Amino acid sequence: MTALAPELAQQDLETLVAQVWSTYVLDEGPLPAPPASWTSATPCWSSAVSVTGAWHGMIAVDLAQDAAVALTRAMLAMEDDEEPAAEDLVDAVGEVANMVGGNVKALVPGPSGLSLPVVGQSPLAAPSDLAPSLCLDLTWNGHPLRVRVLTGAGSSAGSAVEPSTAPRQEMLP
Amino acid sequence: MKILIADDSRVMRQIVIRTLRQAGHAGHELIEAENGREAVEKVRSEAPDLVLSDWNMPEMTGIDALDTLRASGSTVPFGFVTSEGSDEMRARAAASGAAFLISKPFTPEAFDEALTGVFASMG
């Protein structure tokens with residue numbers, strides 16, 4: 001059984017997300033929000049990376065559409081009325097998952113590898129060999145944001161999002 | 001100084017450029033690469049004074065780019081800017097000849113400290 005490392009707790013995820021926001025968004029970080037703020041009808045962007053090795057899991061970041069646009073504007077220092085291109089949204093949302101996932105990887109047992117991010121326009125589903133371990137529901141600027149950590153059972157074989165040499169990938173429904 | 005920034009994320013390349021400016025290192029000539037293979041090619045064609053590279057990139061990773069450069073005799077100062085800052089990654093970077101590893105998310109202070117050290121060692 002590949003258990004979630006005891007070092008990784010809800011508080012670690014909150015801290016990691018707050019660090020990303022304070023560094024790149026220069027804004028008050030996301031705040032805890034009740035799960036009811038997120039519904040299946042919320043238009044969103046989702047990105048995920050997988051960690052494969054001594055620890056096996058997937059880290060996903062789901063952002064409401066408006067939050068993804070605001071995040072992209074902040075990361076690219078764009079004006080409030082500028083509309084980010086779709087490729088910039090993919091890039092920015094993927095980079096957030098990459099940063100959160102890379103830092104999670106540093107907190108769990110190694111050695112392991114980190115995949116490139118996969119980005120989609122609906123919450124990325126986990127493969128059947130992974131089960132939810134942590135779920136952090138947050139609100140930023142009134143928009144829902146969710147960070148999910150899923151871990152694998154059994155051996156470290158297999159992968160949620162295979163480490164790939166392919167370019168940053170956009171998966172659209 | 002000519003600095004090569006290698007990252008498959010355009011967003012992150014822009015953030016690195018902005019952070020260099022905030023760290024007091026504006027005015028350098030900046031060139032960019034989208035992966036490790038392009039970084040190796042640009043080190044050979046553009047002769048930068050410093051490489052700032054992501055680790056995890058398509059086509060060729062940053063660590064493979066560094067190993068390729070060192071194997072070919074290049075001694076260009078090479079630092080990583082990556083989301084993976086574990087002791088294991090730092091040790092691997094150092095063993096391959098990296099000058100430093102800055103982990104994401106980073107601050108201008110982290111950039112200033114790393115670059116000042118590299119520039120001092122260049123005389």
# chains A, B, ... in the order shown; residues from 1 in each chain; ligands from 1
>>> interface_residues(of="chain A", to="chain B", cutoff="7 Å", atoms="only C-alpha atoms", output="ChimeraX atom specification")
/A:19-20,23,75-76,91-92,98-99,102-103,106,116,165-167
>>> select_by_dssp(residues="chain B", states="alpha helix (DSSP H)", output="JSON, numbers by chain")
{"B": [10, 11, 12, 13, 14, 15, 16, 17, 18, 19, 20, 21, 22, 36, 37, 38, 39, 40, 41, 42, 43, 44, 45, 46, 62, 63, 64, 65, 66, 67, 68, 69, 70, 71, 87, 88, 89, 90, 91, 92, 93, 94, 95, 108, 109, 110, 111, 112, 113, 114, 115, 116, 117, 118, 119, 120, 121]}
>>> residues_around(residues="Ser50 in chain A", least_positions_apart="2", cutoff="12 Å", atoms="only C-alpha atoms", output="PyMOL selection string")
chain A and resi 47-48+52-53+55-61+97-102+104-105+112-118+124+126-127+130+148-152+156+158-164
>>> write_last_selection(atoms="N, CA and C atoms", output="compact mmCIF listing (two decimals), in the first residue's frame")
# COMPACT_ATOMS: atom_id res chain seq x y z
N SER A 47 -5.78 21.18 -14.14
CA SER A 47 -4.46 20.69 -14.55
C SER A 47 -3.98 19.68 -13.52
N ALA A 48 -3.16 18.76 -13.98
CA ALA A 48 -2.68 17.71 -13.08
C ALA A 48 -1.28 17.27 -13.47
N THR A 52 5.56 9.51 -9.85
CA THR A 52 5.69 8.07 -10.01
C THR A 52 7.03 7.60 -9.46
N GLY A 53 7.00 6.61 -8.60
CA GLY A 53 8.23 6.09 -8.03
C GLY A 53 7.94 5.52 -6.66
N TRP A 55 6.71 6.93 -4.28
CA TRP A 55 5.35 7.42 -3.96
C TRP A 55 4.63 7.60 -5.29
N HIS A 56 3.38 7.17 -5.33
CA HIS A 56 2.63 7.20 -6.59
C HIS A 56 1.34 7.97 -6.39
N GLY A 57 1.15 9.03 -7.12
CA GLY A 57 -0.07 9.80 -6.96
C GLY A 57 -0.23 10.87 -8.02
N MET A 58 -1.30 11.60 -7.89
CA MET A 58 -1.62 12.67 -8.83
C MET A 58 -2.02 13.91 -8.03
N ILE A 59 -1.56 15.06 -8.48
CA ILE A 59 -1.93 16.32 -7.85
C ILE A 59 -2.66 17.14 -8.91
N ALA A 60 -3.90 17.51 -8.62
CA ALA A 60 -4.72 18.24 -9.57
C ALA A 60 -5.16 19.57 -8.99
N VAL A 61 -5.22 20.58 -9.85
CA VAL A 61 -5.71 21.90 -9.45
C VAL A 61 -6.87 22.25 -10.38
N ALA A 97 -0.20 23.71 -11.35
CA ALA A 97 -0.17 22.30 -10.95
C ALA A 97 1.27 21.80 -10.85
N ASN A 98 2.11 22.26 -11.77
CA ASN A 98 3.52 21.87 -11.75
C ASN A 98 4.20 22.32 -10.46
N MET A 99 3.92 23.55 -10.04
CA MET A 99 4.56 24.06 -8.83
C MET A 99 4.03 23.35 -7.58
N VAL A 100 2.70 23.22 -7.50
CA VAL A 100 2.14 22.55 -6.32
C VAL A 100 2.60 21.09 -6.30
N GLY A 101 2.54 20.43 -7.47
CA GLY A 101 2.94 19.02 -7.54
C GLY A 101 4.42 18.83 -7.25
N GLY A 102 5.26 19.72 -7.76
CA GLY A 102 6.69 19.60 -7.50
C GLY A 102 7.01 19.74 -6.03
N VAL A 104 4.82 19.07 -3.57
CA VAL A 104 4.30 17.86 -2.91
C VAL A 104 5.32 16.74 -3.05
N LYS A 105 5.88 16.61 -4.24
CA LYS A 105 6.88 15.55 -4.49
C LYS A 105 8.04 15.65 -3.50
N SER A 112 11.45 9.63 -7.03
CA SER A 112 10.28 9.56 -7.90
C SER A 112 10.45 10.57 -9.03
N GLY A 113 9.59 10.44 -10.02
CA GLY A 113 9.62 11.37 -11.14
C GLY A 113 8.34 12.17 -11.21
N LEU A 114 8.44 13.36 -11.77
CA LEU A 114 7.28 14.25 -11.91
C LEU A 114 6.93 14.37 -13.38
N SER A 115 5.67 14.20 -13.72
CA SER A 115 5.27 14.31 -15.12
C SER A 115 5.14 15.77 -15.52
N LEU A 116 5.06 16.00 -16.81
CA LEU A 116 4.67 17.32 -17.30
C LEU A 116 3.18 17.49 -17.03
N PRO A 117 2.71 18.73 -16.91
CA PRO A 117 1.28 18.92 -16.60
C PRO A 117 0.38 18.61 -17.79
N VAL A 118 -0.79 18.09 -17.45
CA VAL A 118 -1.86 17.91 -18.43
C VAL A 118 -2.97 18.88 -18.05
N LEU A 124 -10.08 16.99 -14.18
CA LEU A 124 -9.43 15.80 -14.72
C LEU A 124 -9.74 14.61 -13.83
N ALA A 126 -9.33 10.91 -12.25
CA ALA A 126 -8.20 10.06 -11.87
C ALA A 126 -8.41 8.66 -12.40
N PRO A 127 -7.36 7.97 -12.77
CA PRO A 127 -7.50 6.58 -13.17
C PRO A 127 -7.90 5.73 -11.97
N LEU A 130 -6.00 5.09 -8.54
CA LEU A 130 -5.75 6.17 -7.58
C LEU A 130 -7.02 6.49 -6.81
N ARG A 148 -6.56 18.79 -5.39
CA ARG A 148 -6.79 17.39 -5.05
C ARG A 148 -5.48 16.61 -5.08
N VAL A 149 -5.31 15.75 -4.10
CA VAL A 149 -4.18 14.81 -4.10
C VAL A 149 -4.78 13.41 -4.09
N LEU A 150 -4.37 12.60 -5.04
CA LEU A 150 -4.85 11.22 -5.14
C LEU A 150 -3.65 10.30 -5.06
N THR A 151 -3.80 9.22 -4.35
CA THR A 151 -2.67 8.32 -4.20
C THR A 151 -3.04 6.92 -4.63
N GLY A 152 -2.00 6.17 -5.01
CA GLY A 152 -2.21 4.84 -5.54
C GLY A 152 -2.08 3.77 -4.49
N SER A 156 4.27 0.70 -6.76
CA SER A 156 4.46 2.01 -7.35
C SER A 156 4.38 1.94 -8.87
N GLY A 158 2.74 1.78 -12.62
CA GLY A 158 1.60 2.48 -13.19
C GLY A 158 1.70 3.96 -12.94
N SER A 159 0.87 4.70 -13.65
CA SER A 159 0.96 6.15 -13.52
C SER A 159 -0.35 6.79 -13.88
N ALA A 160 -0.66 7.88 -13.18
CA ALA A 160 -1.88 8.61 -13.48
C ALA A 160 -1.72 9.38 -14.78
N VAL A 161 -0.67 10.14 -14.85
CA VAL A 161 -0.35 10.89 -16.05
C VAL A 161 1.10 10.55 -16.34
N GLU A 162 1.33 9.68 -17.29
CA GLU A 162 2.67 9.15 -17.50
C GLU A 162 3.66 10.27 -17.72
N PRO A 163 4.84 10.20 -17.06
CA PRO A 163 5.88 11.16 -17.37
C PRO A 163 6.14 11.12 -18.87
N SER A 164 6.19 12.26 -19.46
CA SER A 164 6.18 12.31 -20.91
C SER A 164 7.20 13.29 -21.42
>>> residues_around(residues="Ala93 in chain B", least_positions_apart="4", cutoff="9 Å", atoms="only C-alpha atoms", output="list of chain:residue names")
B:Ile63, B:Leu66, B:Gly79, B:Phe80, B:Glu88, B:Met89, B:Gly97, B:Ala98, B:Ala99, B:Phe100, B:Leu101
>>> atom_distance(atom1="CA of Ile3 in chain B", atom2="CA of Leu30 in chain B")
5.0 Å
>>> residues_around(residues="Thr42 in chain A", least_positions_apart="6", cutoff="9 Å", atoms="only C-alpha atoms", output="list of chain:residue names")
A:Ala64, A:Gln65, A:Pro144
>>> write_last_selection(atoms="C-alpha atoms", output="PDB file, in the first residue's frame")
ATOM      1  CA  ALA A  64     -13.221  28.212 -12.027  1.00  0.00           C
ATOM      2  CA  GLN A  65     -13.025  29.839 -15.462  1.00  0.00           C
ATOM      3  CA  PRO A 144     -13.842  28.410  -6.357  1.00  0.00           C
TER       4      PRO A 144
END
>>> select_by_dssp(residues="range 5-173 of chain A", states="strand (DSSP E)", output="number ranges by chain")
A: 31-32, 44-53, 57-64, 112-114, 118-120, 130-140, 143-152, 169-171
>>> residues_around(residues="Ala74 in chain A", least_positions_apart="3", cutoff="12 Å", atoms="only C-alpha atoms", output="VMD selection string")
(chain A and resid 20 to 27 67 to 71 77 to 84 88 to 89 92 to 93) or (chain B and resid 11 to 12 14 to 15)
>>> atom_distance(atom1="CA of Thr139 in chain A", atom2="CA of Ala86 in chain A")
22.8 Å
>>> atom_distance(atom1="CA of Ile5 in chain B", atom2="CA of Glu109 in chain B")
18.0 Å
>>> residues_around(residues="Thr39 in chain A", least_positions_apart="4", cutoff="12 Å", atoms="only C-alpha atoms", output="VMD selection string")
chain A and resid 34 to 35 43 to 44 62 to 64 122 to 123 137 143 to 146
>>> write_last_selection(atoms="N, CA, C and O atoms", output="PDB file, in the first residue's frame")
ATOM      1  N   PRO A  34     -16.412  26.403   1.844  1.00  0.00           N
ATOM      2  CA  PRO A  34     -17.190  25.168   1.964  1.00  0.00           C
ATOM      3  C   PRO A  34     -17.307  24.473   0.610  1.00  0.00           C
ATOM      4  O   PRO A  34     -17.340  25.126  -0.432  1.00  0.00           O
ATOM      5  N   PRO A  35     -17.339  23.167   0.591  1.00  0.00           N
ATOM      6  CA  PRO A  35     -17.417  22.422  -0.664  1.00  0.00           C
ATOM      7  C   PRO A  35     -18.608  22.818  -1.526  1.00  0.00           C
ATOM      8  O   PRO A  35     -18.575  22.663  -2.737  1.00  0.00           O
ATOM      9  N   PRO A  43     -18.018  26.288 -14.803  1.00  0.00           N
ATOM     10  CA  PRO A  43     -17.023  26.186 -15.878  1.00  0.00           C
ATOM     11  C   PRO A  43     -15.629  26.279 -15.269  1.00  0.00           C
ATOM     12  O   PRO A  43     -15.386  27.142 -14.423  1.00  0.00           O
ATOM     13  N   CYS A  44     -14.749  25.411 -15.685  1.00  0.00           N
ATOM     14  CA  CYS A  44     -13.445  25.411 -15.025  1.00  0.00           C
ATOM     15  C   CYS A  44     -12.317  24.967 -15.932  1.00  0.00           C
ATOM     16  O   CYS A  44     -12.538  24.456 -17.025  1.00  0.00           O
ATOM     17  N   ASP A  62      -8.051  22.471  -9.804  1.00  0.00           N
ATOM     18  CA  ASP A  62      -9.241  22.841 -10.574  1.00  0.00           C
ATOM     19  C   ASP A  62      -9.569  24.300 -10.264  1.00  0.00           C
ATOM     20  O   ASP A  62      -9.711  24.672  -9.096  1.00  0.00           O
ATOM     21  N   LEU A  63      -9.690  25.109 -11.305  1.00  0.00           N
ATOM     22  CA  LEU A  63      -9.959  26.532 -11.139  1.00  0.00           C
ATOM     23  C   LEU A  63     -11.210  26.905 -11.908  1.00  0.00           C
ATOM     24  O   LEU A  63     -11.360  26.518 -13.075  1.00  0.00           O
ATOM     25  N   ALA A  64     -12.090  27.671 -11.284  1.00  0.00           N
ATOM     26  CA  ALA A  64     -13.221  28.212 -12.027  1.00  0.00           C
ATOM     27  C   ALA A  64     -12.685  29.050 -13.189  1.00  0.00           C
ATOM     28  O   ALA A  64     -11.597  29.627 -13.095  1.00  0.00           O
ATOM     29  N   SER A 122     -12.306  20.574 -17.868  1.00  0.00           N
ATOM     30  CA  SER A 122     -13.236  19.983 -16.912  1.00  0.00           C
ATOM     31  C   SER A 122     -12.347  19.265 -15.901  1.00  0.00           C
ATOM     32  O   SER A 122     -11.200  18.947 -16.214  1.00  0.00           O
ATOM     33  N   PRO A 123     -12.826  19.053 -14.689  1.00  0.00           N
ATOM     34  CA  PRO A 123     -11.975  18.416 -13.681  1.00  0.00           C
ATOM     35  C   PRO A 123     -11.404  17.103 -14.189  1.00  0.00           C
ATOM     36  O   PRO A 123     -12.152  16.220 -14.610  1.00  0.00           O
ATOM     37  N   ASP A 137     -10.706  22.710  -0.647  1.00  0.00           N
ATOM     38  CA  ASP A 137     -11.634  23.635  -1.306  1.00  0.00           C
ATOM     39  C   ASP A 137     -11.340  25.049  -0.839  1.00  0.00           C
ATOM     40  O   ASP A 137     -11.346  25.330   0.359  1.00  0.00           O
ATOM     41  N   HIS A 143     -14.133  33.174  -6.463  1.00  0.00           N
ATOM     42  CA  HIS A 143     -14.208  32.050  -7.395  1.00  0.00           C
ATOM     43  C   HIS A 143     -13.679  30.785  -6.726  1.00  0.00           C
ATOM     44  O   HIS A 143     -12.669  30.831  -6.012  1.00  0.00           O
ATOM     45  N   PRO A 144     -14.310  29.652  -6.975  1.00  0.00           N
ATOM     46  CA  PRO A 144     -13.842  28.410  -6.357  1.00  0.00           C
ATOM     47  C   PRO A 144     -12.549  27.880  -6.974  1.00  0.00           C
ATOM     48  O   PRO A 144     -12.291  28.051  -8.176  1.00  0.00           O
ATOM     49  N   LEU A 145     -11.790  27.255  -6.129  1.00  0.00           N
ATOM     50  CA  LEU A 145     -10.501  26.670  -6.503  1.00  0.00           C
ATOM     51  C   LEU A 145     -10.353  25.392  -5.687  1.00  0.00           C
ATOM     52  O   LEU A 145     -10.616  25.397  -4.481  1.00  0.00           O
ATOM     53  N   ARG A 146      -9.990  24.312  -6.333  1.00  0.00           N
ATOM     54  CA  ARG A 146      -9.877  23.033  -5.616  1.00  0.00           C
ATOM     55  C   ARG A 146      -8.525  22.402  -5.912  1.00  0.00           C
ATOM     56  O   ARG A 146      -8.081  22.373  -7.061  1.00  0.00           O
TER      57      ARG A 146
END
>>> decode(residues="range 87-100 of chain B", atoms="all heavy atoms", output="short mmCIF file (atom, residue, chain, number, x, y, z; two decimals), in the first residue's frame")
data_model
loop_
_atom_site.label_atom_id
_atom_site.label_comp_id
_atom_site.auth_asym_id
_atom_site.auth_seq_id
_atom_site.Cartn_x
_atom_site.Cartn_y
_atom_site.Cartn_z
N ASP B 87 16.24 17.58 -1.66
CA ASP B 87 17.68 17.38 -1.47
C ASP B 87 18.24 16.48 -2.57
O ASP B 87 19.36 16.68 -3.04
CB ASP B 87 17.94 16.75 -0.09
CG ASP B 87 17.64 17.72 1.04
OD1 ASP B 87 17.54 18.94 0.77
OD2 ASP B 87 17.49 17.26 2.19
N GLU B 88 17.43 15.49 -2.96
CA GLU B 88 17.87 14.55 -4.01
C GLU B 88 18.13 15.30 -5.32
O GLU B 88 19.14 15.08 -5.99
CB GLU B 88 16.76 13.51 -4.19
CG GLU B 88 16.93 12.58 -5.36
CD GLU B 88 15.60 11.96 -5.80
OE1 GLU B 88 14.60 12.08 -5.06
OE2 GLU B 88 15.56 11.39 -6.90
N MET B 89 17.23 16.20 -5.68
CA MET B 89 17.39 16.96 -6.93
C MET B 89 18.56 17.92 -6.83
O MET B 89 19.32 18.09 -7.79
CB MET B 89 16.11 17.73 -7.25
CG MET B 89 14.86 16.90 -7.33
SD MET B 89 14.87 15.75 -8.71
CE MET B 89 14.14 16.76 -9.99
N ARG B 90 18.72 18.54 -5.69
CA ARG B 90 19.84 19.48 -5.50
C ARG B 90 21.17 18.74 -5.62
O ARG B 90 22.12 19.24 -6.24
CB ARG B 90 19.73 20.17 -4.14
CG ARG B 90 18.57 21.15 -4.07
CD ARG B 90 18.43 21.79 -2.69
NE ARG B 90 17.23 22.60 -2.62
CZ ARG B 90 17.13 23.85 -3.08
NH1 ARG B 90 18.19 24.43 -3.62
NH2 ARG B 90 15.99 24.51 -3.00
N ALA B 91 21.24 17.54 -5.02
CA ALA B 91 22.47 16.76 -5.08
C ALA B 91 22.77 16.34 -6.52
O ALA B 91 23.92 16.39 -6.97
CB ALA B 91 22.35 15.54 -4.18
N ARG B 92 21.71 15.96 -7.24
CA ARG B 92 21.92 15.53 -8.62
C ARG B 92 22.36 16.71 -9.49
O ARG B 92 23.22 16.58 -10.36
CB ARG B 92 20.62 14.93 -9.17
CG ARG B 92 20.82 14.24 -10.49
CD ARG B 92 19.63 13.42 -10.91
NE ARG B 92 19.80 12.99 -12.30
CZ ARG B 92 18.81 12.71 -13.13
NH1 ARG B 92 17.58 12.79 -12.70
NH2 ARG B 92 19.04 12.34 -14.36
N ALA B 93 21.76 17.88 -9.24
CA ALA B 93 22.14 19.07 -9.99
C ALA B 93 23.61 19.43 -9.73
O ALA B 93 24.37 19.70 -10.66
CB ALA B 93 21.23 20.24 -9.60
N ALA B 94 23.99 19.40 -8.47
CA ALA B 94 25.37 19.74 -8.11
C ALA B 94 26.36 18.74 -8.71
O ALA B 94 27.42 19.12 -9.21
CB ALA B 94 25.50 19.79 -6.60
N ALA B 95 25.98 17.45 -8.69
CA ALA B 95 26.87 16.43 -9.23
C ALA B 95 27.10 16.61 -10.72
O ALA B 95 28.16 16.24 -11.25
CB ALA B 95 26.28 15.05 -8.95
N SER B 96 26.12 17.18 -11.42
CA SER B 96 26.26 17.41 -12.86
C SER B 96 26.94 18.74 -13.16
O SER B 96 27.17 19.05 -14.33
CB SER B 96 24.89 17.37 -13.54
OG SER B 96 24.39 16.05 -13.57
N GLY B 97 27.21 19.52 -12.13
CA GLY B 97 27.93 20.77 -12.35
C GLY B 97 27.09 22.02 -12.33
O GLY B 97 27.54 23.07 -12.79
N ALA B 98 25.87 21.93 -11.79
CA ALA B 98 25.03 23.13 -11.71
C ALA B 98 25.57 24.07 -10.63
O ALA B 98 26.08 23.63 -9.60
CB ALA B 98 23.59 22.75 -11.39
N ALA B 99 25.42 25.35 -10.88
CA ALA B 99 25.92 26.35 -9.92
C ALA B 99 24.93 26.55 -8.78
O ALA B 99 25.33 26.89 -7.66
CB ALA B 99 26.17 27.67 -10.65
N PHE B 100 23.63 26.37 -9.07
CA PHE B 100 22.62 26.57 -8.03
C PHE B 100 21.31 25.96 -8.49
O PHE B 100 21.15 25.60 -9.67
CB PHE B 100 22.43 28.07 -7.72
CG PHE B 100 22.09 28.91 -8.92
CD1 PHE B 100 20.79 28.99 -9.40
CD2 PHE B 100 23.08 29.64 -9.58
CE1 PHE B 100 20.47 29.77 -10.51
CE2 PHE B 100 22.77 30.42 -10.70
CZ PHE B 100 21.47 30.48 -11.16
#
